[in-house]
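J.: Here it is: the structure, laid out below.
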Amino acid sequence: MTEMSESMRLPVVVVGAGAMGGEWLRMLSRSPHARAVGVVDLDVDLARETVAGIGLDAVVGASLVDVVERSGARAVVNVTVPQAHRVVNEQAMRAGLPVLCEKPLAPTVAEALRQVALADATGQLLMVSQSRRYFDHLAAYRDVVGALGPIGAVHAQFFHEDHEPGFREQMAHPLLVDMSVHHFDMLRYLSADEPVSVRCDSWNPSWSWFAGDAAATATFELASGARFVYSGSRATPGLQTSWNADWRVYAEHGATHWDGDALVETDTVGVEVEVRSDSEGIEGSLKEFVASLRSGRTPQNEVRANVRTLAMVEGAIRSSDRGGEKVVLDDLIEESLALAIAAEEHDDIRDLLRSWTSAADGITTPAWGSAPAMIASGGAR
């Protein structure tokens, strides 16, 4: 990179130096959009080893505030385990830094609502990295879906043999929480026809190496009355789908199929499949985050928008735990506001939550992005 292009890269601190943190750091080492100037992990030796292995010149430490001060970072990429997301996000935003946080943002909608209020109180951007929105063929598929008129049904299947020793294999709902969250969010990317309720059944196959439920089926009713039918498993040794799932959409003017990888097809005359090239995966997520900071525009999956994706996950789990009972997502979100207020320890956040006329009001009020850009193109705040 030239000296000029290097100076244009946003300096960031990555929190979390495990497997996913290493993936982010490798991407950042070649990214034209941002550069890692600091790495934070409670296991400092692991962080140093990861940094050295990639060949980065970055400040390493166990304290986010300390590493930010020593590195001159202007934003934080949170790649910690899910249960640490809120604590890290709060430290960063209280310190005046915007955050790009790995999914899932929070284990519950209540905790997500607390982070919505935190973003409001600090005036900082909190964006969730739903990285599977950023695939060229998914964008092409969305264009095709949009050309077919009102949707009647969407079907998505995800079947994989997924060995990831560590916290994922110990989760109570490793499919729904850690993998289906991507697919549920992709449904929301494909159409503005939002899910309103869900019935779900989850279980763990007898041969599964997961401690919790590695398989599930779920049917979401959409606002139009259409259905989103989802089935998946992380413990399937044969006939595996793409990590992005296998999709079929049936609509008024025809149908379309995406295999989750490079095949997008439709039987509708006059509808063409056009695949454009752009940044994909976590690189695409980072690109939008940086562009939003510099332009002041609200990105996809700003914290408010992501709440409804989390509601799909929590609603599916609640339905499964209740024997497949129908769960209305708006009811779940409203109930979560009372839980958020009861759990919040900081007066400013609790007062802000109490000021909302409803949870729906809190997550639809104009969000970050109406103000001028927070970070100039040269990286200065």
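Chain labels follow the order of the structure tokens: the first chain is A, the next B, and so on; residue numbering restarts at 1 in every chain, and ligands are counted from 1 in their shown order.
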Extract, using only C-alpha atoms, all DNA, RNA and protein residues at most 10 Å from A:Gly72, discarding same-chain residues fewer than 3 positions from it, and format them as a VMD selection string.
T.: chain A and resid 11 to 13 37 to 38 59 67 to 69 75 379 to 380
J.: Go ahead and save the residues from that selection, with all heavy atoms, as a CSV table (one decimal), in the first residue's frame.
T.:
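Output (selection_2.csv):
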chain,number,residue,atom,x,y,z
A,11,PRO,N,-7.7,3.3,12.2
A,11,PRO,CA,-7.0,2.5,13.2
A,11,PRO,C,-7.9,1.9,14.2
A,11,PRO,O,-8.7,2.7,14.8
A,11,PRO,CB,-6.0,3.5,13.8
A,11,PRO,CG,-6.7,4.9,13.6
A,11,PRO,CD,-7.4,4.8,12.3
A,12,VAL,N,-7.9,0.6,14.4
A,12,VAL,CA,-8.9,-0.1,15.2
A,12,VAL,C,-8.2,-1.0,16.2
A,12,VAL,O,-7.0,-1.4,16.0
A,12,VAL,CB,-9.9,-0.9,14.4
A,12,VAL,CG1,-10.6,0.0,13.4
A,12,VAL,CG2,-9.2,-2.1,13.7
A,13,VAL,N,-8.8,-1.2,17.3
A,13,VAL,CA,-8.4,-2.3,18.3
A,13,VAL,C,-9.3,-3.5,18.1
A,13,VAL,O,-10.5,-3.3,18.1
A,13,VAL,CB,-8.5,-1.7,19.7
A,13,VAL,CG1,-8.4,-2.9,20.7
A,13,VAL,CG2,-7.3,-0.8,20.0
A,37,VAL,N,-4.3,-1.6,15.1
A,37,VAL,CA,-3.2,-1.0,15.8
A,37,VAL,C,-3.1,-1.5,17.3
A,37,VAL,O,-2.1,-1.2,18.0
A,37,VAL,CB,-3.3,0.5,15.8
A,37,VAL,CG1,-3.2,1.1,14.4
A,37,VAL,CG2,-4.6,1.0,16.5
A,38,GLY,N,-4.1,-2.3,17.7
A,38,GLY,CA,-4.1,-2.9,19.0
A,38,GLY,C,-4.9,-4.1,19.1
A,38,GLY,O,-5.8,-4.3,18.3
A,59,VAL,N,-0.1,-2.8,19.4
A,59,VAL,CA,0.0,-2.8,20.9
A,59,VAL,C,-0.9,-3.9,21.4
A,59,VAL,O,-2.0,-4.1,21.0
A,59,VAL,CB,-0.5,-1.5,21.4
A,59,VAL,CG1,-0.5,-1.5,22.9
A,59,VAL,CG2,0.3,-0.3,20.9
A,67,VAL,N,-4.9,-0.2,26.0
A,67,VAL,CA,-4.5,-0.4,24.6
A,67,VAL,C,-5.0,0.7,23.7
A,67,VAL,O,-4.2,1.1,22.8
A,67,VAL,CB,-4.9,-1.8,24.1
A,67,VAL,CG1,-4.7,-2.0,22.6
A,67,VAL,CG2,-4.2,-2.9,24.9
A,68,VAL,N,-6.2,1.2,23.9
A,68,VAL,CA,-6.7,2.3,23.1
A,68,VAL,C,-5.8,3.5,23.3
A,68,VAL,O,-5.4,4.2,22.3
A,68,VAL,CB,-8.2,2.6,23.4
A,68,VAL,CG1,-8.6,3.9,22.8
A,68,VAL,CG2,-9.1,1.5,22.9
A,69,GLU,N,-5.5,3.8,24.5
A,69,GLU,CA,-4.7,5.0,24.8
A,69,GLU,C,-3.3,4.9,24.2
A,69,GLU,O,-2.8,5.9,23.6
A,69,GLU,CB,-4.6,5.2,26.3
A,69,GLU,CG,-5.9,5.7,26.9
A,69,GLU,CD,-5.7,5.9,28.4
A,69,GLU,OE1,-4.7,5.4,29.0
A,69,GLU,OE2,-6.7,6.4,29.0
A,75,ALA,N,-11.6,3.1,16.8
A,75,ALA,CA,-12.8,2.3,16.8
A,75,ALA,C,-12.4,0.9,17.3
A,75,ALA,O,-11.2,0.6,17.4
A,75,ALA,CB,-13.4,2.1,15.4
A,379,GLY,N,-8.9,9.5,9.5
A,379,GLY,CA,-8.8,8.7,10.7
A,379,GLY,C,-8.9,9.5,12.0
A,379,GLY,O,-9.0,9.0,13.0
A,380,ALA,N,-8.9,10.8,11.9
A,380,ALA,CA,-9.1,11.7,13.0
A,380,ALA,C,-10.5,11.7,13.5
A,380,ALA,O,-11.4,11.8,12.7
A,380,ALA,CB,-8.5,13.1,12.7
J.: Near stretch 275-280 of chain A, counting only C-alpha atoms, which residues have an atom at most 10 Å away, once you skip same-chain residues fewer than 4 positions from it, shown as a list in words?
T.: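 Answer for this query is Ser131, Arg132, Arg133, Tyr134, Phe135, Asp136, His137, Leu138, Ala139, Ala140, Tyr141, Asp143, Ala262, Val264, Gly284, Ser285, Leu286, Lys287 and Glu288 of chain A.
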J.: Taking 6 positions as the minimum chain separation for residues in the same chain, which residues sit within 7 Å of stretch 315-332 of chain A when counting only C-alpha atoms? Answer as an MDAnalysis selection string.
T.: chainID A and resid 196:202 218
J.: Using only C-alpha atoms for the distances, tell me which of A:Met8, A:Leu190, A:Met93, A:Cys101 is nearest to A:Ile282.
T.: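 Nearest to A:Ile282: A:Cys101.
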J.: In Å, rounded to a single decimal, give me how far atom CA of A:Arg168 is from atom CA of A:Phe210.
T.: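 About the pair atom CA of A:Phe210 and atom CA of A:Arg168: they are 8.0 Å apart.
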J.: Within 10 Å of A:Arg227, counting only C-alpha atoms, which residues qualify if same-chain residues fewer than 3 places away don't, as a PyMOL selection string?
T.: chain A and resi 151-155+193+195+197-198+219-224+230
J.: Go ahead and dump the residues you just picked, N, CA and C atoms, as a short mmCIF file (atom, residue, chain, number, x, y, z; two decimals), in the first residue's frame.
T.:
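So result05.cif came out as:
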data_model
loop_
_atom_site.label_atom_id
_atom_site.label_comp_id
_atom_site.auth_asym_id
_atom_site.auth_seq_id
_atom_site.Cartn_x
_atom_site.Cartn_y
_atom_site.Cartn_z
N ILE A 151 -44.19 -12.29 -1.88
CA ILE A 151 -43.69 -13.62 -1.55
C ILE A 151 -44.81 -14.48 -0.96
N GLY A 152 -44.84 -15.74 -1.38
CA GLY A 152 -45.77 -16.70 -0.78
C GLY A 152 -45.10 -17.53 0.28
N ALA A 153 -43.86 -17.98 -0.01
CA ALA A 153 -43.13 -18.81 0.95
C ALA A 153 -41.64 -18.73 0.67
N VAL A 154 -40.87 -18.83 1.76
CA VAL A 154 -39.41 -18.91 1.68
C VAL A 154 -39.00 -20.17 2.42
N HIS A 155 -38.16 -20.99 1.79
CA HIS A 155 -37.64 -22.20 2.43
C HIS A 155 -36.11 -22.12 2.49
N ASP A 193 -40.44 -8.05 4.21
CA ASP A 193 -41.59 -8.74 4.80
C ASP A 193 -41.15 -9.35 6.13
N PRO A 195 -40.71 -11.01 9.87
CA PRO A 195 -41.35 -12.06 10.65
C PRO A 195 -42.14 -11.49 11.82
N SER A 197 -44.21 -13.92 13.93
CA SER A 197 -44.38 -14.98 14.93
C SER A 197 -43.63 -16.23 14.49
N VAL A 198 -43.45 -17.18 15.44
CA VAL A 198 -42.69 -18.38 15.14
C VAL A 198 -43.21 -19.57 15.94
N THR A 219 -41.01 -22.46 11.75
CA THR A 219 -41.86 -21.81 10.76
C THR A 219 -42.22 -20.42 11.28
N PHE A 220 -41.82 -19.40 10.52
CA PHE A 220 -42.12 -18.02 10.86
C PHE A 220 -43.27 -17.51 9.98
N GLU A 221 -44.23 -16.86 10.59
CA GLU A 221 -45.23 -16.14 9.81
C GLU A 221 -44.68 -14.75 9.54
N LEU A 222 -44.78 -14.30 8.28
CA LEU A 222 -44.33 -12.97 7.92
C LEU A 222 -45.50 -11.99 7.95
N ALA A 223 -45.19 -10.70 7.94
CA ALA A 223 -46.22 -9.67 8.08
C ALA A 223 -47.30 -9.78 7.01
N SER A 224 -46.91 -10.22 5.82
CA SER A 224 -47.87 -10.34 4.71
C SER A 224 -48.76 -11.56 4.82
N TYR A 230 -37.83 -23.03 7.94
CA TYR A 230 -36.39 -23.23 8.14
C TYR A 230 -36.14 -24.59 8.79
#
J.: When you look at stretch 17-32 of chain A with a cut-off of 7 Å (counting only C-alpha atoms), what residues show up, excluding the ones that are within fewer than 5 positions of it in the same chain? I need them as a list in words.
T.: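 Listing them by chain and then by number gives Arg9, Asp41, Leu46, Ala47, Thr50, Ile54, Val79 and Glu283 of chain A.
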J.: How many Å separate atom CA of A:Glu335 from atom CA of A:Asp213?
T.: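 Interatomic distance, atom CA of A:Glu335 to atom CA of A:Asp213: 25.0 Å.
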J.: Using only C-alpha atoms, pick whichever of A:Asn204, A:Ser129, A:Asn306, A:Ser71 has the shortest atom-to-atom distance to A:Arg188.
T.: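 That would be A:Asn306, the residue with the smallest distance to A:Arg188.
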